[in-house]
Structure formats: structure tokens, C-alpha cells
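Novice: Coordinates in data.cif, mmCIF, C-alpha atoms, are listed below.
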data_structure
#
loop_
_atom_site.label_atom_id
_atom_site.label_comp_id
_atom_site.auth_asym_id
_atom_site.auth_seq_id
_atom_site.Cartn_x
_atom_site.Cartn_y
_atom_site.Cartn_z
CA MET A 1 68.08 78.69 48.49
CA GLU A 2 67.88 75.51 46.44
CA ALA A 3 68.62 75.44 42.72
CA SER A 4 65.99 72.95 41.60
CA VAL A 5 64.30 75.48 39.34
CA PRO A 6 61.87 74.02 36.77
CA GLN A 7 62.88 74.94 33.24
CA LYS A 8 60.37 72.96 31.20
CA ASP A 9 56.60 72.63 31.09
CA ALA A 10 55.96 75.52 33.51
CA GLU A 11 53.51 77.89 31.76
CA TYR A 12 55.08 81.08 33.03
CA HIS A 13 52.94 83.29 30.77
CA LYS A 14 49.88 82.25 32.84
CA LEU A 15 51.51 83.22 36.13
CA SER A 16 51.53 86.59 37.81
CA ILE A 17 54.85 88.33 38.32
CA SER A 18 54.92 87.45 42.00
CA ASP A 19 54.11 83.79 41.33
CA THR A 20 56.80 83.65 38.64
CA VAL A 21 59.41 85.09 40.99
CA ALA A 22 58.36 82.65 43.71
CA LEU A 23 58.43 79.63 41.38
CA LEU A 24 61.89 80.59 40.13
CA GLU A 25 63.03 81.03 43.76
CA THR A 26 64.49 84.44 43.03
CA SER A 27 63.70 88.07 43.90
CA PHE A 28 63.68 91.50 42.31
CA ARG A 29 67.11 92.01 43.84
CA GLY A 30 68.37 89.11 41.76
CA LEU A 31 70.19 85.95 42.74
CA THR A 32 73.19 85.76 45.02
CA GLU A 33 76.49 84.85 43.39
CA ALA A 34 76.60 81.59 45.35
CA ASP A 35 73.11 80.59 44.22
CA ALA A 36 73.88 81.57 40.63
CA ALA A 37 77.03 79.42 40.70
CA GLU A 38 75.05 76.45 42.04
CA ARG A 39 72.38 76.85 39.36
CA LEU A 40 75.02 77.13 36.64
CA LYS A 41 76.48 73.87 37.91
CA ASN A 42 73.07 72.16 37.89
CA HIS A 43 71.68 73.51 34.62
CA GLY A 44 74.90 73.95 32.68
CA PRO A 45 75.96 76.89 30.49
CA ASN A 46 73.36 78.84 28.58
CA GLU A 47 74.42 77.37 25.24
CA LEU A 48 72.88 75.32 22.47
CA VAL A 49 74.48 71.89 22.58
CA GLU A 50 75.72 70.84 19.17
CA GLU A 51 76.29 67.46 17.68
CA LYS A 52 79.89 66.27 17.66
CA GLU A 53 81.92 68.69 15.58
CA THR A 54 83.31 67.38 12.32
CA THR A 55 87.11 67.48 12.44
CA PRO A 56 89.20 68.47 9.40
CA LEU A 57 90.42 64.85 9.14
CA GLU A 58 86.83 63.57 9.02
CA ILE A 59 85.95 66.13 6.34
CA PHE A 60 88.94 64.98 4.26
CA ILE A 61 88.14 61.27 4.70
CA ASN A 62 84.53 61.93 3.66
CA GLN A 63 85.80 63.06 0.27
CA PHE A 64 86.80 59.44 -0.45
CA LYS A 65 83.42 57.95 0.48
CA SER A 66 82.27 57.73 -3.11
CA ILE A 67 82.23 54.65 -5.27
CA LEU A 68 83.58 56.65 -8.24
CA ILE A 69 86.61 57.76 -6.19
CA LEU A 70 87.18 54.21 -4.94
CA ILE A 71 87.01 52.90 -8.52
CA LEU A 72 89.58 55.51 -9.59
CA ILE A 73 91.91 54.52 -6.75
CA ALA A 74 91.54 50.86 -7.75
CA ALA A 75 92.24 51.80 -11.39
CA ALA A 76 95.38 53.70 -10.35
CA LEU A 77 96.67 50.74 -8.34
CA VAL A 78 96.00 48.31 -11.20
CA SER A 79 97.69 50.67 -13.70
CA GLY A 80 100.81 50.97 -11.61
CA LEU A 81 101.16 47.60 -9.90
CA ILE A 82 99.91 45.30 -12.66
CA LEU A 83 100.23 47.14 -15.97
CA HIS A 84 103.28 49.16 -14.90
CA GLU A 85 101.73 52.24 -16.50
CA TYR A 86 103.12 54.62 -13.91
CA THR A 87 102.18 57.73 -15.85
CA ASP A 88 98.53 56.66 -15.96
CA MET A 89 98.65 55.83 -12.26
CA ALA A 90 100.12 59.25 -11.45
CA VAL A 91 97.51 61.08 -13.55
CA ILE A 92 94.60 59.21 -11.93
CA LEU A 93 95.96 59.78 -8.41
CA VAL A 94 96.45 63.49 -9.12
CA ILE A 95 92.82 63.68 -10.25
CA VAL A 96 91.69 61.94 -7.05
CA VAL A 97 93.77 64.27 -4.87
CA VAL A 98 92.60 67.42 -6.69
CA ASN A 99 88.99 66.27 -6.37
CA SER A 100 89.40 65.61 -2.64
CA VAL A 101 91.25 68.87 -1.93
CA ILE A 102 88.61 70.99 -3.69
CA GLY A 103 85.80 69.29 -1.79
CA PHE A 104 87.71 69.53 1.50
CA ILE A 105 88.46 73.25 1.13
CA GLN A 106 84.86 74.10 0.32
CA GLU A 107 83.34 72.09 3.19
CA TYR A 108 86.01 73.15 5.71
CA ARG A 109 85.42 76.83 4.92
CA ALA A 110 81.70 76.29 5.37
CA GLU A 111 82.26 74.63 8.76
CA GLN A 112 84.46 77.55 9.86
CA ALA A 113 81.86 80.07 8.70
CA VAL A 114 79.11 78.28 10.61
CA THR A 115 81.31 78.24 13.74
CA ALA A 116 81.85 81.98 13.39
CA LEU A 117 78.11 82.55 13.11
CA LYS A 118 77.48 80.51 16.27
CA LYS A 119 79.87 82.74 18.19
CA MET A 120 77.90 85.77 17.07
CA VAL A 121 74.73 84.53 18.80
CA SER A 122 76.42 84.51 22.24
CA PRO A 123 76.43 88.19 23.30
CA ASN A 124 77.05 89.68 26.69
CA CYS A 125 74.04 90.70 28.75
CA ARG A 126 73.23 92.68 31.88
CA VAL A 127 71.59 91.07 34.89
CA ILE A 128 70.79 92.05 38.45
CA ARG A 129 72.55 90.04 41.14
CA GLU A 130 72.53 90.94 44.80
CA ASP A 131 70.83 94.23 43.83
CA ASN A 132 73.76 95.20 41.59
CA VAL A 133 73.82 95.40 37.78
CA ARG A 134 76.41 93.04 36.32
CA GLU A 135 77.48 92.49 32.71
CA LEU A 136 78.06 88.81 32.01
CA PRO A 137 78.68 86.51 29.05
CA ALA A 138 75.32 85.14 27.99
CA ASN A 139 76.43 81.58 28.68
CA LYS A 140 76.81 82.40 32.39
CA ILE A 141 73.20 83.39 33.09
CA VAL A 142 70.89 80.95 34.86
CA PRO A 143 67.16 80.49 35.56
CA GLY A 144 66.13 83.06 38.14
CA ASP A 145 68.49 85.79 36.92
CA ILE A 146 66.83 89.18 36.43
CA LEU A 147 67.70 90.29 32.89
CA ILE A 148 67.85 93.98 31.97
CA ILE A 149 66.58 94.64 28.42
CA ASN A 150 67.34 97.83 26.49
CA GLU A 151 66.68 98.82 22.90
CA GLY A 152 68.97 96.91 20.54
CA ASP A 153 69.73 94.09 22.98
CA ARG A 154 69.65 90.50 21.80
CA ILE A 155 67.69 88.29 24.19
CA PRO A 156 70.07 85.57 25.52
CA ALA A 157 67.48 83.20 27.06
CA ASP A 158 63.74 82.71 27.62
CA GLY A 159 62.19 84.87 30.31
CA ARG A 160 58.98 86.20 31.88
CA LEU A 161 58.71 89.98 31.77
CA ILE A 162 58.44 91.69 35.14
CA GLU A 163 58.84 95.24 33.79
CA ALA A 164 58.10 96.66 30.34
CA SER A 165 58.19 100.25 29.13
CA SER A 166 57.13 100.62 25.47
CA LEU A 167 59.03 97.38 24.87
CA LYS A 168 58.86 95.87 21.39
CA ILE A 169 60.60 92.64 20.44
CA ASP A 170 61.51 91.35 16.97
CA GLU A 171 60.64 87.65 17.21
CA SER A 172 61.04 86.86 13.49
CA PRO A 173 64.00 84.47 14.03
CA LEU A 174 61.72 82.30 16.19
CA THR A 175 58.16 82.80 14.91
CA GLY A 176 58.72 84.13 11.39
CA GLU A 177 56.53 87.18 12.10
CA SER A 178 57.95 90.21 10.30
CA THR A 179 56.34 92.80 12.61
CA THR A 180 57.62 93.56 16.09
CA VAL A 181 55.59 92.42 19.11
CA SER A 182 54.54 94.90 21.78
CA LYS A 183 55.25 93.42 25.19
CA LYS A 184 53.45 93.77 28.51
CA THR A 185 53.71 92.23 31.96
CA GLU A 186 50.12 91.11 32.59
CA ALA A 187 49.48 87.38 32.95
CA ILE A 188 47.70 85.58 30.09
CA GLU A 189 45.31 83.05 31.54
CA GLN A 190 44.01 81.37 28.39
CA GLU A 191 45.85 78.89 26.20
CA THR A 192 48.01 80.99 23.90
CA PRO A 193 50.40 80.04 21.08
CA LEU A 194 54.00 81.05 21.51
CA ALA A 195 53.76 83.98 19.06
CA GLN A 196 51.00 85.58 21.19
CA ARG A 197 52.67 85.28 24.60
CA THR A 198 53.21 89.00 24.96
CA ASN A 199 54.61 88.74 28.49
CA MET A 200 57.47 86.42 27.48
CA VAL A 201 60.81 87.00 25.74
CA TYR A 202 62.80 84.32 23.95
CA MET A 203 66.39 83.46 23.13
CA GLY A 204 67.52 84.59 19.67
CA THR A 205 65.09 87.53 19.43
CA HIS A 206 66.05 91.15 20.02
CA ALA A 207 64.58 94.32 21.46
CA SER A 208 63.82 96.85 18.73
CA TYR A 209 62.33 99.51 21.01
CA GLY A 210 61.82 100.36 24.67
CA ARG A 211 63.19 98.69 27.76
CA GLY A 212 62.24 96.14 30.37
CA LYS A 213 63.28 93.46 32.81
CA ALA A 214 62.65 89.72 32.68
CA ALA A 215 63.09 86.82 35.06
CA ILE A 216 64.97 84.12 33.18
CA THR A 217 62.81 80.99 33.00
CA ALA A 218 64.84 78.71 30.71
CA THR A 219 68.39 78.54 29.39
CA GLY A 220 70.34 76.51 26.85
CA MET A 221 68.59 73.52 25.32
CA SER A 222 65.50 74.10 27.51
CA THR A 223 64.65 77.30 25.61
CA GLU A 224 62.34 77.43 22.61
CA PHE A 225 65.40 77.82 20.38
CA GLY A 226 66.90 74.80 22.12
CA ASN A 227 63.81 72.76 21.28
CA ILE A 228 64.24 73.71 17.62
CA ALA A 229 67.93 72.76 17.77
CA GLN A 230 67.02 69.35 19.21
CA LEU A 231 64.50 68.75 16.42
CA ILE A 232 67.03 69.72 13.76
CA GLN A 233 69.75 67.50 15.22
CA SER A 234 67.37 64.54 15.41
CA ILE A 235 66.80 64.62 11.64
CA GLU A 236 68.81 61.97 9.83
CA GLU A 237 70.87 63.13 6.88
CA GLU A 238 69.76 61.81 3.54
CA GLU A 239 71.82 61.46 0.40
CA SER A 240 71.12 64.08 -2.23
CA PRO A 241 69.71 63.02 -5.63
CA LEU A 242 73.05 63.83 -7.27
CA LYS A 243 74.97 61.59 -4.87
CA LYS A 244 72.49 58.77 -5.39
CA LYS A 245 72.87 59.10 -9.16
CA THR A 246 76.67 59.23 -9.09
CA GLU A 247 76.82 56.24 -6.73
CA LYS A 248 74.49 54.34 -9.05
CA LEU A 249 76.61 55.37 -12.06
CA GLY A 250 79.74 54.20 -10.25
CA ARG A 251 78.23 50.78 -9.54
CA GLN A 252 77.07 50.48 -13.14
CA LEU A 253 80.50 51.46 -14.49
CA GLY A 254 82.16 49.00 -12.14
CA ALA A 255 79.84 46.21 -13.28
CA VAL A 256 80.30 47.05 -16.98
CA ALA A 257 84.09 47.21 -16.59
CA LEU A 258 84.15 43.87 -14.77
CA VAL A 259 81.90 42.13 -17.32
CA GLY A 260 83.87 43.64 -20.20
CA CYS A 261 87.14 42.59 -18.61
CA LEU A 262 85.97 38.98 -18.21
CA LEU A 263 84.54 38.90 -21.73
CA VAL A 264 87.71 40.25 -23.41
CA PHE A 265 89.89 37.96 -21.32
CA THR A 266 87.80 34.91 -22.29
CA VAL A 267 87.69 35.77 -26.01
CA ASN A 268 91.43 36.48 -26.22
CA TYR A 269 92.30 33.32 -24.33
CA LEU A 270 90.06 31.22 -26.60
CA LYS A 271 91.81 32.79 -29.63
CA GLY A 272 95.08 31.35 -28.37
CA ILE A 273 96.58 34.49 -26.82
CA ASN A 274 98.62 33.58 -23.74
CA LEU A 275 97.16 34.01 -20.26
CA ILE A 276 99.26 37.04 -19.22
CA ASP A 277 98.63 39.03 -22.41
CA SER A 278 94.90 38.24 -22.30
CA PHE A 279 94.73 39.44 -18.72
CA MET A 280 96.69 42.64 -19.41
CA THR A 281 94.49 43.50 -22.40
CA ALA A 282 91.31 42.92 -20.42
CA VAL A 283 92.50 45.04 -17.48
CA SER A 284 93.60 47.85 -19.82
CA LEU A 285 90.15 47.88 -21.40
CA ALA A 286 88.50 48.00 -17.95
CA ILE A 287 90.70 50.93 -16.89
CA SER A 288 89.90 52.87 -20.07
CA ALA A 289 86.19 52.53 -19.33
CA ILE A 290 86.53 54.54 -16.10
CA PRO A 291 85.77 58.30 -16.56
CA GLU A 292 88.65 59.73 -14.52
CA GLY A 293 87.55 63.34 -14.97
CA LEU A 294 83.93 62.92 -13.91
CA PRO A 295 84.38 63.34 -10.12
CA THR A 296 86.53 66.44 -10.61
CA VAL A 297 84.06 67.99 -13.04
CA LEU A 298 81.23 67.38 -10.55
CA VAL A 299 83.16 68.85 -7.60
CA ILE A 300 84.30 71.94 -9.53
CA THR A 301 80.77 72.58 -10.81
CA LEU A 302 79.27 72.24 -7.32
CA SER A 303 82.02 74.44 -5.85
CA LEU A 304 81.19 77.19 -8.33
CA GLY A 305 77.55 76.91 -7.26
CA ALA A 306 78.52 77.09 -3.59
CA GLN A 307 80.71 80.14 -4.21
CA LYS A 308 77.87 81.88 -6.03
CA MET A 309 75.53 81.18 -3.11
CA ALA A 310 78.19 82.45 -0.68
CA ARG A 311 78.20 85.77 -2.52
CA SER A 312 74.49 85.92 -1.72
CA ASN A 313 75.24 85.27 1.99
CA ALA A 314 74.10 81.63 1.88
CA ILE A 315 76.46 79.08 3.42
CA VAL A 316 76.55 75.58 1.91
CA ARG A 317 78.03 73.02 4.31
CA ARG A 318 77.83 70.03 1.94
CA LEU A 319 78.59 70.42 -1.77
CA ASN A 320 75.86 67.96 -2.78
CA SER A 321 73.33 70.29 -1.16
CA VAL A 322 73.86 72.75 -4.02
CA GLU A 323 72.27 70.31 -6.46
CA THR A 324 69.50 69.49 -3.99
CA LEU A 325 68.62 73.19 -3.56
CA GLY A 326 68.68 73.65 -7.32
#
Show me, as C-alpha cells, the structure contained in the file I just sent.
Specialist:
Amino acid sequence: MEASVPQKDAEYHKLSISDTVALLETSFRGLTEADAAERLKNHGPNELVEEKETTPLEIFINQFKSILILILIAAALVSGLILHEYTDMAVILVIVVVNSVIGFIQEYRAEQAVTALKKMVSPNCRVIREDNVRELPANKIVPGDILIINEGDRIPADGRLIEASSLKIDESPLTGESTTVSKKTEAIEQETPLAQRTNMVYMGTHASYGRGKAAITATGMSTEFGNIAQLIQSIEEEESPLKKKTEKLGRQLGAVALVGCLLVFTVNYLKGINLIDSFMTAVSLAISAIPEGLPTVLVITLSLGAQKMARSNAIVRRLNSVETLG
């Protein structure tokens, strides 16, 4: 038996049970273990493929990708290396580190929480193979497997129902419909939106009542949930209004400090003050114009907002998103 099973574009809800089974190259006795292994090799695990995971190091480095933070680091270096104000340098660097650590902790916790949630959507399931019922991790099932559905089960992949006894499915995670959907096995010949395909079951939904069996038609990123995941991952991230404003403020402060520095240096030098003293005075003035506490105040405020949302079971992966949601 070949494993070239179509996963996309086949309108299984329009097919009879026998045609579905034939198209999937399976049987009511289920797949053989050898065929299932070959299909798993061809189609891959039944998992939603994520974008490259953000490592802790990347999260930490991202905390420094702000013009305000870069200005503070520059101010610290000038204070220590040029003005020899080591206390000022230490204070500024402590502020930068505190700011980065707070942001890192918040975003790292959010990443860990999201990872934990992803593990929760990968349950075990029961399938028929070689006429025997087997319990498998959901990521091991393949197109053509015969899935056994009982009340309370989470559906691990898309499938065409071949048996249904008083079966009702909660499809709200996929369609947004708050009421359960009564399922049947009869083919639906006309064009039907996804929410009205009563002979299909979908990944991410769960059985609230009854029992049934379904021939798996699509797994992983070929499922309806996989299509949604692909759409989400294709969206480019945009900077939040707060980040845009702080970046703009940082550029403005940098420009003001630079202009002020040049102006003071020129005036002092024209008054007859020597070159070194004029330069030191101008740099000191520029450093004093930098609001060292602003980044920390912003991060702490956003962290408090993120913690408040966490208590309401809402996970914030990026601190700037708190302001955007507000």
C-alpha cells in the first residue's frame, strides 16, 4: 500500500464513507504498522510547526535593542572613560542591567508558559491499527488512521466521520461557535462552510457528548488549525506605539544632547576656557540631559501590567504589547 495520501484540497465532506476510505487507502481495520510508519515518514509528525524558538540569549539581547538603552550605555562609557566619574558610570550601568533583567525575566516566563500550553494540546489518542485498538501519542497518528472518539476526548487531527452515535463536538476553538455541533456520517454534497461540515472533525476541538470513529484526513500543518498557524506566523511583527514613541524620544534626546554639547563647547571655548575644560563641561551637560530612570520606569510599569493580566489568565509575550492592548 502506497503512502501518497492527499492531505489538502480533497473535499472529504462531499465523499461517502466508502469513497473516503478508498481515497485514504485505508480500511475499517485500520492501517498496518508498516504502512503507518511509512506515512509518518512521508507526512511528518502530527504537530504544528513553529517559527524558530527564541533562545534565552536572544531574549536578553533584545532588551538592549532600544535607542534609550544605547544612549545610557554611551553615557556610562563617557562618564567613566572620559570624565572619570566612576560612581555615575556605575549607577547608569546598574540601571541598564536592572532594566534588562526585569524585561528578560518577564518575557522568558511568558515564553516558558506558552511552551507549556503547547504541550497541553498534544494528548494521547486511540486508533485502530491491524484491527486492534492502540493508544498513541497524538503526534504519531497519520492520514488513514481510524480514530476512536469518546466523550471528553480532544480531537488530535482532522478527520471524516465513519461512525457517530449521539456525537457532539465543541468546535469553538476553531469556529468561535459557542454551541456544540451534532455530528453525523452522511455525505454533504453542496458547498458548505467549515462550521457546517457536520461529518468532519477537526484538530483542537473536543467531543462533549457521544462517541464515534473518524478516518484521519489531515495532520499537522495540513489541518485547519495548521492553516491558521501558517497565517499567524506569516504576519510581520510591528512595533507598538509605545516603542515608537520611546525610540523617537531617544533620538530627540540624543540630538538635543549633541547640539547642546556642541553649543556649550563652542561658547566656552570662545570665552577663553581651555579646550579640555570646555569639552568636559559640554560632555557633562550632555550626560545630565539623559533621563537614566526612564527605561526602568517604563519596564517596571509594563511588568506590573503584564502581571495583572497574568492573574486574569492572559499571557503577554512582549512587554510592549501591554500598552498596545491598553
Novice: Which residue, A:Leu48, A:Gly152, A:Glu163, A:Asn132, has the smallest gap to A:Glu224 when you use only C-alpha atoms?
Specialist: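 Nearest candidate to A:Glu224 out of A:Leu48, A:Gly152, A:Glu163, A:Asn132: A:Leu48.
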Novice: Nearest to A:Glu130: which of A:Ala215, A:Leu161, A:Met280, A:Ile146 is it, counting only C-alpha atoms?
Specialist: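 Among the listed residues, A:Ile146 lies closest to A:Glu130.
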Novice: When the PyMOL selection byres ((chain A and resi 62) around 12) is applied to the file above, which residues end up in the set, as a ChimeraX atom specification?
Specialist: /A:54-61,63-67,69-70,99-101,103-104,107-108,318-319
Novice: Record the distance separating atom CA of A:Lys184 and atom CA of A:Ile169, expressed in Å with one decimal.
Specialist: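 Interatomic distance, atom CA of A:Lys184 to atom CA of A:Ile169: 10.8 Å.
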Novice: Which one of A:Ser303, A:Ser288, A:Gln252, A:Ser79 sits closest to A:Leu93 if you count all atoms listed in the file?
Specialist: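 Using all atoms listed in the file, the shortest distance to A:Leu93 belongs to A:Ser79.
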Novice: Would you write out, as a list in words, every residue that the PyMOL selection byres ((chain A and resi 295) around 9) captures in this file?
Specialist: Leu68, Ile69, Ile95, Val96, Asn99, Thr246, Pro291, Glu292, Gly293, Leu294, Thr296, Val297, Leu298, Val299 and Ile300 of chain A
